[in-house]
Structure formats: C-alpha cells, structure tokens
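Below is upload-v4.tsv, which holds TSV, C-alpha atoms.
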chain	number	residue	atom	x	y	z
A	1	MET	CA	0.00	0.00	0.00
A	2	ALA	CA	1.30	3.40	-0.89
A	3	LEU	CA	1.39	5.57	2.18
A	4	LEU	CA	1.13	9.04	0.83
A	5	ARG	CA	0.72	9.21	-2.89
A	6	PRO	CA	-1.26	7.27	-5.50
A	7	ALA	CA	0.40	4.05	-6.58
A	8	ASP	CA	1.18	5.46	-10.01
A	9	SER	CA	3.14	8.45	-8.72
A	10	PRO	CA	6.94	8.56	-9.22
A	11	ALA	CA	8.84	5.78	-7.54
A	12	THR	CA	10.63	8.02	-5.08
A	13	VAL	CA	7.94	7.30	-2.50
A	14	PRO	CA	8.50	3.87	-1.02
A	15	GLU	CA	5.88	1.50	0.22
A	16	VAL	CA	5.40	0.81	3.89
A	17	PRO	CA	5.12	-2.85	4.78
A	18	VAL	CA	3.59	-2.22	8.16
A	19	GLY	CA	0.75	-4.72	7.97
A	20	SER	CA	-2.46	-3.60	9.58
A	21	THR	CA	-1.10	-0.36	10.95
A	22	ARG	CA	-3.41	2.59	10.55
A	23	VAL	CA	-2.63	4.38	7.32
A	24	PRO	CA	-2.62	8.14	7.78
A	25	SER	CA	-4.32	10.46	5.39
A	26	PRO	CA	-1.97	12.31	3.07
A	27	ARG	CA	-0.68	15.71	4.01
A	28	VAL	CA	-1.47	18.21	1.31
A	29	SER	CA	0.70	21.27	1.66
A	30	SER	CA	-2.08	23.72	0.79
A	31	GLU	CA	-4.45	22.25	3.35
A	32	SER	CA	-5.61	24.70	5.99
A	33	PRO	CA	-5.37	23.72	9.64
A	34	PRO	CA	-8.42	21.90	11.02
A	35	ALA	CA	-11.27	24.09	12.07
A	36	ARG	CA	-11.79	24.57	15.79
A	37	SER	CA	-15.03	23.32	17.21
A	38	ARG	CA	-15.26	26.06	19.83
A	39	SER	CA	-17.02	29.34	19.30
A	40	GLY	CA	-14.17	30.94	17.41
A	41	PRO	CA	-14.29	32.50	13.96
A	42	ALA	CA	-15.52	30.43	11.03
A	43	PRO	CA	-12.99	28.01	9.51
A	44	GLY	CA	-10.62	29.72	7.15
A	45	THR	CA	-11.05	33.15	8.72
A	46	GLU	CA	-8.81	32.44	11.69
A	47	PRO	CA	-5.78	34.69	11.79
A	48	ALA	CA	-2.41	33.01	11.97
A	49	PRO	CA	-1.18	32.57	15.54
A	50	ALA	CA	0.89	35.57	16.55
A	51	SER	CA	2.46	35.96	19.97
A	52	PRO	CA	1.25	33.60	22.71
A	53	ASP	CA	-1.00	36.34	24.08
A	54	GLU	CA	-2.65	36.98	20.72
A	55	ARG	CA	-3.15	33.40	19.69
A	56	PRO	CA	-6.71	32.35	18.85
A	57	VAL	CA	-8.96	30.56	21.30
A	58	GLY	CA	-8.35	26.85	21.25
A	59	ASP	CA	-4.68	26.86	20.47
A	60	GLY	CA	-2.72	25.41	23.33
A	61	VAL	CA	-2.39	22.96	26.16
A	62	THR	CA	-2.67	23.51	29.89
A	63	ILE	CA	-1.84	20.78	32.37
A	64	VAL	CA	-2.50	21.03	36.09
A	65	VAL	CA	0.08	18.83	37.80
A	66	PHE	CA	-1.55	18.13	41.17
A	67	SER	CA	0.05	14.74	41.79
A	68	GLY	CA	3.60	14.31	42.97
A	69	GLU	CA	4.05	10.72	41.88
A	70	PHE	CA	6.74	9.83	39.45
A	71	ASP	CA	4.50	7.89	37.04
A	72	ARG	CA	1.76	10.52	36.86
A	73	VAL	CA	4.25	13.34	36.48
A	74	GLN	CA	6.06	11.43	33.75
A	75	ALA	CA	2.78	11.11	31.84
A	76	ALA	CA	2.10	14.84	32.23
A	77	PHE	CA	5.54	15.69	30.86
A	78	ASN	CA	5.17	13.23	27.97
A	79	ILE	CA	2.10	15.15	26.83
A	80	ALA	CA	3.73	18.52	27.45
A	81	LEU	CA	6.86	17.63	25.48
A	82	GLY	CA	4.86	16.14	22.62
A	83	ALA	CA	2.67	19.23	22.43
A	84	ALA	CA	5.59	21.65	22.63
A	85	SER	CA	7.31	19.67	19.87
A	86	SER	CA	4.18	20.00	17.75
A	87	GLY	CA	4.18	23.76	17.93
A	88	MET	CA	1.52	24.15	20.61
A	89	PRO	CA	1.98	26.62	23.48
A	90	VAL	CA	2.04	24.61	26.71
A	91	THR	CA	1.55	25.75	30.30
A	92	MET	CA	2.00	23.42	33.26
A	93	PHE	CA	0.60	24.51	36.62
A	94	PHE	CA	2.17	22.77	39.57
A	95	THR	CA	0.03	22.68	42.67
A	96	PHE	CA	-0.07	20.63	45.88
A	97	TRP	CA	2.04	17.49	45.56
A	98	GLY	CA	2.98	18.46	42.03
A	99	LEU	CA	5.10	21.23	43.49
A	100	ASP	CA	7.56	18.52	44.63
A	101	VAL	CA	8.63	18.35	40.97
A	102	LEU	CA	9.86	21.94	41.04
A	103	THR	CA	11.36	21.81	44.54
A	104	ARG	CA	15.13	21.94	44.84
A	105	HIS	CA	16.67	18.80	46.28
A	106	ASP	CA	18.28	20.78	49.10
A	107	ALA	CA	15.12	22.71	49.99
A	108	GLY	CA	14.75	20.60	53.15
A	109	ARG	CA	17.86	22.15	54.71
A	110	ARG	CA	16.35	25.63	54.85
A	111	ARG	CA	15.01	26.67	58.28
A	112	ARG	CA	11.27	27.30	58.56
A	113	ASP	CA	8.78	27.34	61.41
A	114	PRO	CA	8.73	24.01	63.34
A	115	VAL	CA	5.70	22.46	61.63
A	116	ARG	CA	6.88	23.27	58.12
A	117	THR	CA	10.43	22.20	58.89
A	118	ALA	CA	9.10	18.84	60.07
A	119	PHE	CA	6.93	18.62	56.99
A	120	ARG	CA	9.91	19.27	54.70
A	121	TRP	CA	11.94	16.73	56.63
A	122	LEU	CA	9.24	14.08	56.16
A	123	LYS	CA	8.58	15.01	52.54
A	124	PRO	CA	11.64	16.75	51.13
A	125	GLY	CA	10.44	16.98	47.50
A	126	GLY	CA	12.58	17.17	44.38
A	127	ALA	CA	12.08	15.64	40.94
A	128	ARG	CA	14.40	12.72	41.70
A	129	ARG	CA	12.60	11.77	44.91
A	130	LEU	CA	9.08	11.21	43.59
A	131	PRO	CA	7.34	7.98	44.67
A	132	LEU	CA	5.23	5.77	42.40
A	133	SER	CA	1.43	5.99	42.63
A	134	ARG	CA	1.31	2.16	42.80
A	135	PHE	CA	3.93	-0.46	43.62
A	136	ASN	CA	5.98	2.03	45.55
A	137	PHE	CA	7.21	-0.55	48.12
A	138	MET	CA	8.87	2.03	50.37
A	139	GLY	CA	10.87	3.52	47.51
A	140	LEU	CA	11.98	0.27	45.87
A	141	GLY	CA	9.39	0.62	43.09
A	142	PRO	CA	10.75	3.91	41.75
A	143	VAL	CA	14.32	2.55	41.76
A	144	LEU	CA	13.27	-0.47	39.70
A	145	MET	CA	11.08	1.66	37.44
A	146	ARG	CA	13.90	4.11	36.78
A	147	ARG	CA	16.15	1.22	35.84
A	148	LEU	CA	13.55	-0.18	33.41
A	149	MET	CA	12.93	3.24	31.90
A	150	GLY	CA	16.67	3.78	31.60
A	151	GLU	CA	16.89	0.64	29.48
A	152	PHE	CA	14.44	2.31	27.13
A	153	ARG	CA	16.42	5.55	27.29
A	154	MET	CA	13.48	7.43	28.74
A	155	PRO	CA	14.44	10.75	30.27
A	156	THR	CA	14.03	11.02	34.03
A	157	VAL	CA	11.61	13.57	35.48
A	158	ASP	CA	14.36	16.10	36.22
A	159	GLN	CA	15.64	15.74	32.64
A	160	MET	CA	12.07	16.19	31.37
A	161	VAL	CA	11.74	19.40	33.41
A	162	ASP	CA	14.88	20.79	31.77
A	163	LEU	CA	13.75	19.64	28.33
A	164	ALA	CA	10.31	21.18	28.79
A	165	HIS	CA	11.90	24.43	29.91
A	166	SER	CA	14.19	24.48	26.88
A	167	LEU	CA	11.22	23.82	24.56
A	168	GLY	CA	9.41	26.85	25.92
A	169	VAL	CA	6.87	25.09	28.16
A	170	ARG	CA	5.72	27.61	30.79
A	171	LEU	CA	6.27	26.15	34.24
A	172	VAL	CA	4.01	27.88	36.75
A	173	ALA	CA	4.22	27.31	40.50
A	174	CYS	CA	1.05	27.74	42.56
A	175	THR	CA	1.70	30.39	45.18
A	176	ILE	CA	-1.06	29.14	47.49
A	177	THR	CA	0.60	25.76	47.85
A	178	MET	CA	3.96	27.45	48.30
A	179	GLY	CA	2.54	29.45	51.18
A	180	VAL	CA	0.94	26.46	52.86
A	181	MET	CA	4.09	24.36	52.56
A	182	GLY	CA	6.42	27.17	53.52
A	183	LEU	CA	8.23	27.23	50.20
A	184	THR	CA	9.72	30.40	48.75
A	185	ALA	CA	11.04	31.04	45.24
A	186	ASP	CA	14.50	30.16	46.59
A	187	ASP	CA	13.28	26.63	47.36
A	188	LEU	CA	12.26	26.02	43.74
A	189	ILE	CA	14.41	25.28	40.72
A	190	PRO	CA	15.37	28.18	38.42
A	191	ALA	CA	13.37	26.71	35.51
A	192	VAL	CA	10.13	28.03	37.08
A	193	ASP	CA	8.79	30.78	34.81
A	194	GLU	CA	6.01	32.18	36.90
A	195	TYR	CA	4.44	32.20	40.37
A	196	ALA	CA	0.69	32.51	40.13
A	197	GLY	CA	-2.75	31.44	41.26
A	198	VAL	CA	-6.04	30.19	39.92
A	199	ALA	CA	-6.87	33.26	37.80
A	200	THR	CA	-3.71	32.80	35.78
A	201	TYR	CA	-4.58	29.15	35.26
A	202	LEU	CA	-8.13	29.97	34.17
A	203	ALA	CA	-7.02	32.73	31.82
A	204	ASP	CA	-4.74	30.25	30.13
A	205	ALA	CA	-7.09	27.29	30.26
A	206	ARG	CA	-9.97	29.08	28.56
A	207	ARG	CA	-7.70	29.84	25.58
A	208	SER	CA	-6.60	26.21	25.32
A	209	ASP	CA	-8.58	23.29	24.01
A	210	VAL	CA	-6.48	20.66	25.74
A	211	ASN	CA	-6.85	21.02	29.51
A	212	LEU	CA	-5.64	18.21	31.72
A	213	PHE	CA	-5.56	17.63	35.45
A	214	VAL	CA	-3.01	15.03	36.42
B	1	MET	CA	10.55	-6.06	2.70
B	2	SER	CA	10.12	-9.45	1.11
B	3	ALA	CA	13.18	-10.74	-0.72
B	4	GLU	CA	11.70	-10.68	-4.22
B	5	ARG	CA	10.67	-7.04	-4.01
B	6	PRO	CA	13.50	-4.55	-4.63
B	7	VAL	CA	14.02	-1.76	-2.12
B	8	PRO	CA	12.54	1.34	-3.75
B	9	ALA	CA	14.52	4.54	-4.17
B	10	LEU	CA	14.32	6.44	-0.89
B	11	PRO	CA	14.14	10.22	-0.50
B	12	ARG	CA	17.43	11.98	0.15
B	13	ALA	CA	17.58	13.53	3.61
B	14	ASP	CA	19.46	16.68	4.59
B	15	VAL	CA	19.39	15.70	8.27
B	16	VAL	CA	18.91	12.24	9.76
B	17	VAL	CA	17.54	11.84	13.29
B	18	ASP	CA	18.40	8.44	14.70
B	19	ALA	CA	15.81	7.92	17.43
B	20	ALA	CA	16.14	4.12	17.40
B	21	GLY	CA	15.82	2.79	20.94
B	22	PHE	CA	14.04	5.90	22.21
B	23	LEU	CA	10.46	5.79	23.40
B	24	CYS	CA	7.65	8.31	23.09
B	25	PRO	CA	7.90	11.29	23.17
B	26	MET	CA	11.61	11.47	22.36
B	27	PRO	CA	11.42	10.60	18.63
B	28	ILE	CA	8.94	13.45	18.13
B	29	VAL	CA	10.90	15.83	20.34
B	30	ARG	CA	14.11	15.16	18.40
B	31	LEU	CA	12.32	15.29	15.05
B	32	ALA	CA	10.87	18.71	15.93
B	33	GLU	CA	14.33	19.94	16.94
B	34	ALA	CA	15.78	18.81	13.62
B	35	VAL	CA	12.97	20.29	11.53
B	36	ARG	CA	13.36	23.57	13.38
B	37	SER	CA	17.08	23.62	12.56
B	38	VAL	CA	16.75	23.16	8.78
B	39	GLU	CA	15.66	25.55	6.04
B	40	VAL	CA	12.26	25.44	4.34
B	41	GLY	CA	12.45	22.91	1.52
B	42	GLN	CA	14.98	20.66	3.25
B	43	VAL	CA	14.24	17.07	4.22
B	44	VAL	CA	14.58	15.45	7.65
B	45	GLU	CA	14.58	11.69	8.04
B	46	VAL	CA	13.67	10.15	11.38
B	47	VAL	CA	14.48	6.54	12.26
B	48	ALA	CA	12.60	5.06	15.21
B	49	THR	CA	12.03	1.61	16.66
B	50	ASP	CA	9.09	2.67	18.84
B	51	PRO	CA	6.09	1.48	16.78
B	52	GLY	CA	4.14	4.49	18.09
B	53	ILE	CA	5.96	6.51	15.44
B	54	LEU	CA	3.75	4.90	12.76
B	55	ALA	CA	0.78	6.86	14.09
B	56	ASP	CA	2.69	9.74	15.63
B	57	ALA	CA	4.67	10.82	12.57
B	58	PRO	CA	1.57	11.57	10.45
B	59	ALA	CA	-0.16	13.16	13.46
B	60	TRP	CA	2.85	15.39	14.06
B	61	ALA	CA	3.01	16.34	10.38
B	62	GLN	CA	-0.64	17.31	10.44
B	63	MET	CA	-0.31	19.43	13.58
B	64	THR	CA	2.82	21.21	12.39
B	65	ARG	CA	1.64	21.41	8.76
B	66	GLN	CA	4.81	19.79	7.48
B	67	GLU	CA	4.82	17.25	4.67
B	68	ILE	CA	5.72	13.56	4.83
B	69	ILE	CA	7.34	12.64	1.52
B	70	GLY	CA	8.21	9.07	2.30
B	71	ALA	CA	7.91	6.23	4.77
B	72	TRP	CA	9.53	2.85	4.92
B	73	SER	CA	9.83	0.12	7.53
B	74	ASP	CA	12.83	-2.17	7.58
B	75	GLY	CA	11.79	-4.79	10.10
B	76	ASP	CA	11.19	-2.88	13.31
B	77	ARG	CA	13.13	0.18	12.16
B	78	HIS	CA	10.69	2.75	10.86
B	79	HIS	CA	11.86	5.56	8.58
B	80	PHE	CA	9.89	8.71	7.80
B	81	TRP	CA	10.98	11.59	5.58
B	82	PHE	CA	9.59	15.04	6.26
B	83	ARG	CA	9.93	18.04	3.99
B	84	LYS	CA	9.84	21.34	5.82
B	85	ILE	CA	7.20	23.38	4.00
B	86	HIS	CA	6.38	25.83	6.81
B	87	ALA	CA	8.89	27.89	8.74
Please lay out the structure from this file as structure tokens.
Amino acid sequence: MALLRPADSPATVPEVPVGSTRVPSPRVSSESPPARSRSGPAPGTEPAPASPDERPVGDGVTIVVFSGEFDRVQAAFNIALGAASSGMPVTMFFTFWGLDVLTRHDAGRRRRDPVRTAFRWLKPGGARRLPLSRFNFMGLGPVLMRRLMGEFRMPTVDQMVDLAHSLGVRLVACTITMGVMGLTADDLIPAVDEYAGVATYLADARRSDVNLFV
Amino acid sequence: MSAERPVPALPRADVVVDAAGFLCPMPIVRLAEAVRSVEVGQVVEVVATDPGILADAPAWAQMTRQEIIGAWSDGDRHHFWFRKIHA
C-alpha cells in the first residue's frame, strides 16, 4: 500500500510494509489547519497565531500537575513535550504534591517554622525523589522503574523538566501551595517561569482546548 | 521487505535523526528539533524503533503542517521523511 501518494506516482515514494497499521491520510501542503469546534471565527477566517498572548482561542495545552508521583508526572511531561514539539503553546501549573517536581533537592535544609520544617523533613520533595502511585514498596518501586525506563532511554523527570523548559513550556508554580508548605522562590528550581494562582490558570485554560488535570 | 521485491529509491535527507531505541515522546521531540534547525524545503529523516511513530509521525506532520514525503519500515526500524514546507 502506498502511504502518501497514489500508486502510479513517481517511484521516489517507497511503500510501507507495516501490515495492519493505521494508514494516515496524506498531508497536502495547501491544506488549511483543522477548524476549531469552539465558538471561534468560522474556519478559514482564523488569523495566523501571533504571539502567545494573541493566539486564537483553542490553540494550546494547559496541564495542572496536582500529583507528585513519578508515574503521573512522567505522563504529564510526555504530553507537554509532545505538544511543545508539535508547535503548541504549553503551560504546566504545579500545585499541591505536584510542586515537589519543582522543589530543589536541598530545599529541606532551609530553616522554617517548626511544623513546616518537620513537613519538609518528612517530605523533602525534588524531581528525583518522587514515589510511584502504585507499587511504591517504600521507595523500591521507583528505583526499579527508573532502571527499566533507563533501558528504554526514557528521560528522568528532572531531565524532562529541563527539556520542557528548553522547549518553551511555561512552568508555573502555585503560590497558594507554596505558602501552605512554607516554600519560597529560593526553594524552587530556576526553571520556574512564573508564580501565580487560579486566575492565571483559568485565563490560560480558557484559551486552550487541551486542559488536563493530572 | 520481502526478498523478491526490490528496495525502492528512498528520499534523500538533509538531516537524519536516529531515534532508534528511544520511546515516546523522544522521537517526536528530536524530530521537531531537527525540523526547526533546517531551512524550508529541506528534508529530515527520522528513524525510530518505537512502533508508536507509525501513528505519531503523520499526526505530528498534520499538527505542524509539514509534509511527509516518504515512509519505509525495515523490520522494526521505521523511517519517515519530512519536507519542511512551513517555517
């Protein structure tokens, strides 16, 4: 089966012997982007995306990272990296346990009030310390999982944070959680782009048509 | 490819991304990097062993409005050729 052109087109396009794999529809270079289903302008009248603030409704991805488990966070970053690599503006909001991803590994050493110091001591945070949501086994699960993922050359969470940052993913830390947990900007990694609350999330989310809560 | 069928002429690539052994989303991330680095009109080839690429390559091309000009699988090594048609 010819993948992209009719069978009688020039022989520079090879066949794909991939069995029953789904055959994609051909990309025609003059094709306009798919119309948005939301209440935007009619298809074809959409202006080209300009700066992130001027982009049309429906263009973008927001992900609320609420969980602080390694597997869930990994999934969130997979989507974020894929979207950023596909030209979509991506914002990740880190709140509650998700803030562990952005916490510096040495944040536990900083002195706070007694309750928060104890809390940091019990749950120090940091992208390399995240537990698994299942099969954690007192920390053995993540060690084994990291080894398995390493065999498949999957980036670790801290590498994914750096990669996301370098691809222009906006990393936003929730200031409410920071206050509750006694974290300041100095406790978080430098890759954090913004410190904000729910209004910032909503302003971004209503412009995006992919909104996820992980 | 079966033995009796000759390997067809393959597109010539300006940049080759060898993402063999990498899992989702790394083939797409590295493909995007390469396409960003070339000029409009140039061709990027990506090689991946993750079978997800068979669905992901066309999906990525559609989202980024780039053109796939060729695809070929050699066992579990999947090759896709993309021509950059949008900056």
Protein and nucleic acid residues near (15.3, 13.2, 48.9) (cut-off 12 Å, all atoms listed in the file) as a ChimeraX atom specification
/A:100-101,103-109,120-131,139
Hey, which bits of chain B sit within 8 Å of chain A, and for each residue what's the closest pair of atoms and how far apart in Å (one decimal), counting only C-alpha atoms, rows by chain and increasing number, as a Markdown table?
| residue | atom | partner | partner_atom | distance |
| --- | --- | --- | --- | --- |
| B:Met1 | CA | A:Pro17 | CA | 6.6 |
| B:Val7 | CA | A:Pro14 | CA | 8.0 |
| B:Pro8 | CA | A:Pro14 | CA | 5.5 |
| B:Ala9 | CA | A:Thr12 | CA | 5.3 |
| B:Leu10 | CA | A:Thr12 | CA | 5.8 |
| B:Pro11 | CA | A:Thr12 | CA | 6.2 |
| B:Gly21 | CA | A:Phe152 | CA | 6.4 |
| B:Phe22 | CA | A:Arg153 | CA | 5.6 |
| B:Leu23 | CA | A:Met154 | CA | 6.4 |
| B:Cys24 | CA | A:Asn78 | CA | 7.4 |
| B:Pro25 | CA | A:Gly82 | CA | 5.8 |
| B:Met26 | CA | A:Met154 | CA | 7.8 |
| B:Ile28 | CA | A:Gly82 | CA | 6.6 |
| B:Val29 | CA | A:Ser85 | CA | 5.3 |
| B:Ala32 | CA | A:Ser85 | CA | 5.4 |
| B:Glu33 | CA | A:Ser85 | CA | 7.6 |
| B:Leu54 | CA | A:Thr21 | CA | 7.4 |
| B:Ala55 | CA | A:Arg22 | CA | 7.0 |
| B:Pro58 | CA | A:Pro24 | CA | 6.0 |
| B:Ala59 | CA | A:Pro24 | CA | 8.0 |
| B:Trp60 | CA | A:Ser86 | CA | 6.1 |
| B:Ala61 | CA | A:Arg27 | CA | 7.4 |
| B:Gln62 | CA | A:Arg27 | CA | 6.6 |
| B:Met63 | CA | A:Ser86 | CA | 6.2 |
| B:Thr64 | CA | A:Ser86 | CA | 5.7 |
| B:Arg65 | CA | A:Ser29 | CA | 7.2 |
| B:Gln66 | CA | A:Ser29 | CA | 7.3 |
| B:Glu67 | CA | A:Arg27 | CA | 5.7 |
| B:Ile68 | CA | A:Arg27 | CA | 6.8 |
| B:Ile69 | CA | A:Val13 | CA | 6.7 |
| B:Gly70 | CA | A:Val13 | CA | 5.1 |
| B:Ala71 | CA | A:Val16 | CA | 6.0 |
| B:Trp72 | CA | A:Val16 | CA | 4.7 |
| B:Ser73 | CA | A:Val16 | CA | 5.8 |
| B:Ile85 | CA | A:Ser29 | CA | 7.2 |
Output the selection as a PDB file, in the coordinates of the input - C-alpha atoms for each residue.
ATOM      1  CA  MET B   1      10.550  -6.060   2.700  1.00  0.00           C
ATOM      2  CA  VAL B   7      14.020  -1.760  -2.120  1.00  0.00           C
ATOM      3  CA  PRO B   8      12.540   1.340  -3.750  1.00  0.00           C
ATOM      4  CA  ALA B   9      14.520   4.540  -4.170  1.00  0.00           C
ATOM      5  CA  LEU B  10      14.320   6.440  -0.890  1.00  0.00           C
ATOM      6  CA  PRO B  11      14.140  10.220  -0.500  1.00  0.00           C
ATOM      7  CA  GLY B  21      15.820   2.790  20.940  1.00  0.00           C
ATOM      8  CA  PHE B  22      14.040   5.900  22.210  1.00  0.00           C
ATOM      9  CA  LEU B  23      10.460   5.790  23.400  1.00  0.00           C
ATOM     10  CA  CYS B  24       7.650   8.310  23.090  1.00  0.00           C
ATOM     11  CA  PRO B  25       7.900  11.290  23.170  1.00  0.00           C
ATOM     12  CA  MET B  26      11.610  11.470  22.360  1.00  0.00           C
ATOM     13  CA  ILE B  28       8.940  13.450  18.130  1.00  0.00           C
ATOM     14  CA  VAL B  29      10.900  15.830  20.340  1.00  0.00           C
ATOM     15  CA  ALA B  32      10.870  18.710  15.930  1.00  0.00           C
ATOM     16  CA  GLU B  33      14.330  19.940  16.940  1.00  0.00           C
ATOM     17  CA  LEU B  54       3.750   4.900  12.760  1.00  0.00           C
ATOM     18  CA  ALA B  55       0.780   6.860  14.090  1.00  0.00           C
ATOM     19  CA  PRO B  58       1.570  11.570  10.450  1.00  0.00           C
ATOM     20  CA  ALA B  59      -0.160  13.160  13.460  1.00  0.00           C
ATOM     21  CA  TRP B  60       2.850  15.390  14.060  1.00  0.00           C
ATOM     22  CA  ALA B  61       3.010  16.340  10.380  1.00  0.00           C
ATOM     23  CA  GLN B  62      -0.640  17.310  10.440  1.00  0.00           C
ATOM     24  CA  MET B  63      -0.310  19.430  13.580  1.00  0.00           C
ATOM     25  CA  THR B  64       2.820  21.210  12.390  1.00  0.00           C
ATOM     26  CA  ARG B  65       1.640  21.410   8.760  1.00  0.00           C
ATOM     27  CA  GLN B  66       4.810  19.790   7.480  1.00  0.00           C
ATOM     28  CA  GLU B  67       4.820  17.250   4.670  1.00  0.00           C
ATOM     29  CA  ILE B  68       5.720  13.560   4.830  1.00  0.00           C
ATOM     30  CA  ILE B  69       7.340  12.640   1.520  1.00  0.00           C
ATOM     31  CA  GLY B  70       8.210   9.070   2.300  1.00  0.00           C
ATOM     32  CA  ALA B  71       7.910   6.230   4.770  1.00  0.00           C
ATOM     33  CA  TRP B  72       9.530   2.850   4.920  1.00  0.00           C
ATOM     34  CA  SER B  73       9.830   0.120   7.530  1.00  0.00           C
ATOM     35  CA  ILE B  85       7.200  23.380   4.000  1.00  0.00           C
TER      36      ILE B  85
END
Measure the distance from CA of Asp50 in chain B to CA of Phe70 in chain A in Å and round it to one decimal.
21.9 Å
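Atom pair CA of Thr62 in chain A / CA of Ala185 in chain A has a distance of 21.9 Å (rounded to one decimal).
Once all atoms listed in the file are considered, the residues situated within 12 Å of the file point (-2.3, 33.2, 37.6) turn out to be Thr91, Met92, Phe93, Phe94, Thr95, Arg170, Leu171, Val172, Ala173, Cys174, Thr175, Ile176, Asp193, Glu194, Tyr195, Ala196, Gly197, Val198, Ala199, Thr200, Tyr201, Leu202, Ala203, Asp204 and Ala205 of chain A.
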Block slice range 24-48 of chain B, N, CA and C atoms, emitted as an mmCIF file, in the first residue's frame:
data_model
loop_
_atom_site.group_PDB
_atom_site.id
_atom_site.type_symbol
_atom_site.label_atom_id
_atom_site.label_comp_id
_atom_site.auth_asym_id
_atom_site.auth_seq_id
_atom_site.Cartn_x
_atom_site.Cartn_y
_atom_site.Cartn_z
ATOM 1 N N CYS B 24 8.489 7.127 23.079
ATOM 2 C CA CYS B 24 7.651 8.314 23.095
ATOM 3 C C CYS B 24 7.917 9.107 24.370
ATOM 4 N N PRO B 25 8.071 10.408 24.331
ATOM 5 C CA PRO B 25 7.900 11.288 23.170
ATOM 6 C C PRO B 25 9.215 11.669 22.500
ATOM 7 N N MET B 26 10.311 10.985 22.828
ATOM 8 C CA MET B 26 11.609 11.467 22.360
ATOM 9 C C MET B 26 11.773 11.482 20.841
ATOM 10 N N PRO B 27 11.275 10.473 20.089
ATOM 11 C CA PRO B 27 11.424 10.596 18.633
ATOM 12 C C PRO B 27 10.797 11.882 18.081
ATOM 13 N N ILE B 28 9.618 12.241 18.598
ATOM 14 C CA ILE B 28 8.936 13.448 18.129
ATOM 15 C C ILE B 28 9.684 14.703 18.590
ATOM 16 N N VAL B 29 10.166 14.674 19.820
ATOM 17 C CA VAL B 29 10.905 15.833 20.337
ATOM 18 C C VAL B 29 12.149 16.079 19.487
ATOM 19 N N ARG B 30 12.865 15.003 19.161
ATOM 20 C CA ARG B 30 14.107 15.163 18.402
ATOM 21 C C ARG B 30 13.829 15.495 16.938
ATOM 22 N N LEU B 31 12.728 14.940 16.410
ATOM 23 C CA LEU B 31 12.318 15.292 15.049
ATOM 24 C C LEU B 31 12.010 16.790 14.967
ATOM 25 N N ALA B 32 11.249 17.284 15.940
ATOM 26 C CA ALA B 32 10.874 18.705 15.932
ATOM 27 C C ALA B 32 12.117 19.584 15.999
ATOM 28 N N GLU B 33 13.075 19.190 16.832
ATOM 29 C CA GLU B 33 14.328 19.937 16.940
ATOM 30 C C GLU B 33 15.020 20.022 15.579
ATOM 31 N N ALA B 34 15.079 18.868 14.901
ATOM 32 C CA ALA B 34 15.777 18.813 13.616
ATOM 33 C C ALA B 34 15.057 19.643 12.562
ATOM 34 N N VAL B 35 13.734 19.536 12.523
ATOM 35 C CA VAL B 35 12.972 20.291 11.526
ATOM 36 C C VAL B 35 13.110 21.793 11.781
ATOM 37 N N ARG B 36 13.168 22.162 13.068
ATOM 38 C CA ARG B 36 13.361 23.574 13.383
ATOM 39 C C ARG B 36 14.710 24.074 12.873
ATOM 40 N N SER B 37 15.711 23.189 12.880
ATOM 41 C CA SER B 37 17.076 23.621 12.558
ATOM 42 C C SER B 37 17.337 23.713 11.049
ATOM 43 N N VAL B 38 16.482 23.133 10.217
ATOM 44 C CA VAL B 38 16.752 23.157 8.775
ATOM 45 C C VAL B 38 15.974 24.277 8.087
ATOM 46 N N GLU B 39 16.334 24.511 6.819
ATOM 47 C CA GLU B 39 15.655 25.547 6.035
ATOM 48 C C GLU B 39 14.381 24.971 5.427
ATOM 49 N N VAL B 40 13.455 25.868 5.065
ATOM 50 C CA VAL B 40 12.259 25.442 4.343
ATOM 51 C C VAL B 40 12.684 24.783 3.032
ATOM 52 N N GLY B 41 12.098 23.643 2.721
ATOM 53 C CA GLY B 41 12.448 22.912 1.515
ATOM 54 C C GLY B 41 13.369 21.735 1.791
ATOM 55 N N GLN B 42 14.061 21.759 2.934
ATOM 56 C CA GLN B 42 14.980 20.656 3.247
ATOM 57 C C GLN B 42 14.209 19.477 3.836
ATOM 58 N N VAL B 43 14.883 18.322 3.845
ATOM 59 C CA VAL B 43 14.237 17.068 4.217
ATOM 60 C C VAL B 43 14.910 16.497 5.467
ATOM 61 N N VAL B 44 14.091 16.095 6.422
ATOM 62 C CA VAL B 44 14.581 15.447 7.646
ATOM 63 C C VAL B 44 14.068 14.013 7.661
ATOM 64 N N GLU B 45 14.977 13.087 7.900
ATOM 65 C CA GLU B 45 14.585 11.688 8.043
ATOM 66 C C GLU B 45 14.645 11.326 9.521
ATOM 67 N N VAL B 46 13.629 10.646 10.014
ATOM 68 C CA VAL B 46 13.667 10.146 11.385
ATOM 69 C C VAL B 46 13.612 8.614 11.332
ATOM 70 N N VAL B 47 14.456 7.998 12.137
ATOM 71 C CA VAL B 47 14.479 6.539 12.256
ATOM 72 C C VAL B 47 14.087 6.206 13.690
ATOM 73 N N ALA B 48 13.045 5.394 13.855
ATOM 74 C CA ALA B 48 12.601 5.056 15.206
ATOM 75 C C ALA B 48 12.229 3.592 15.275
#
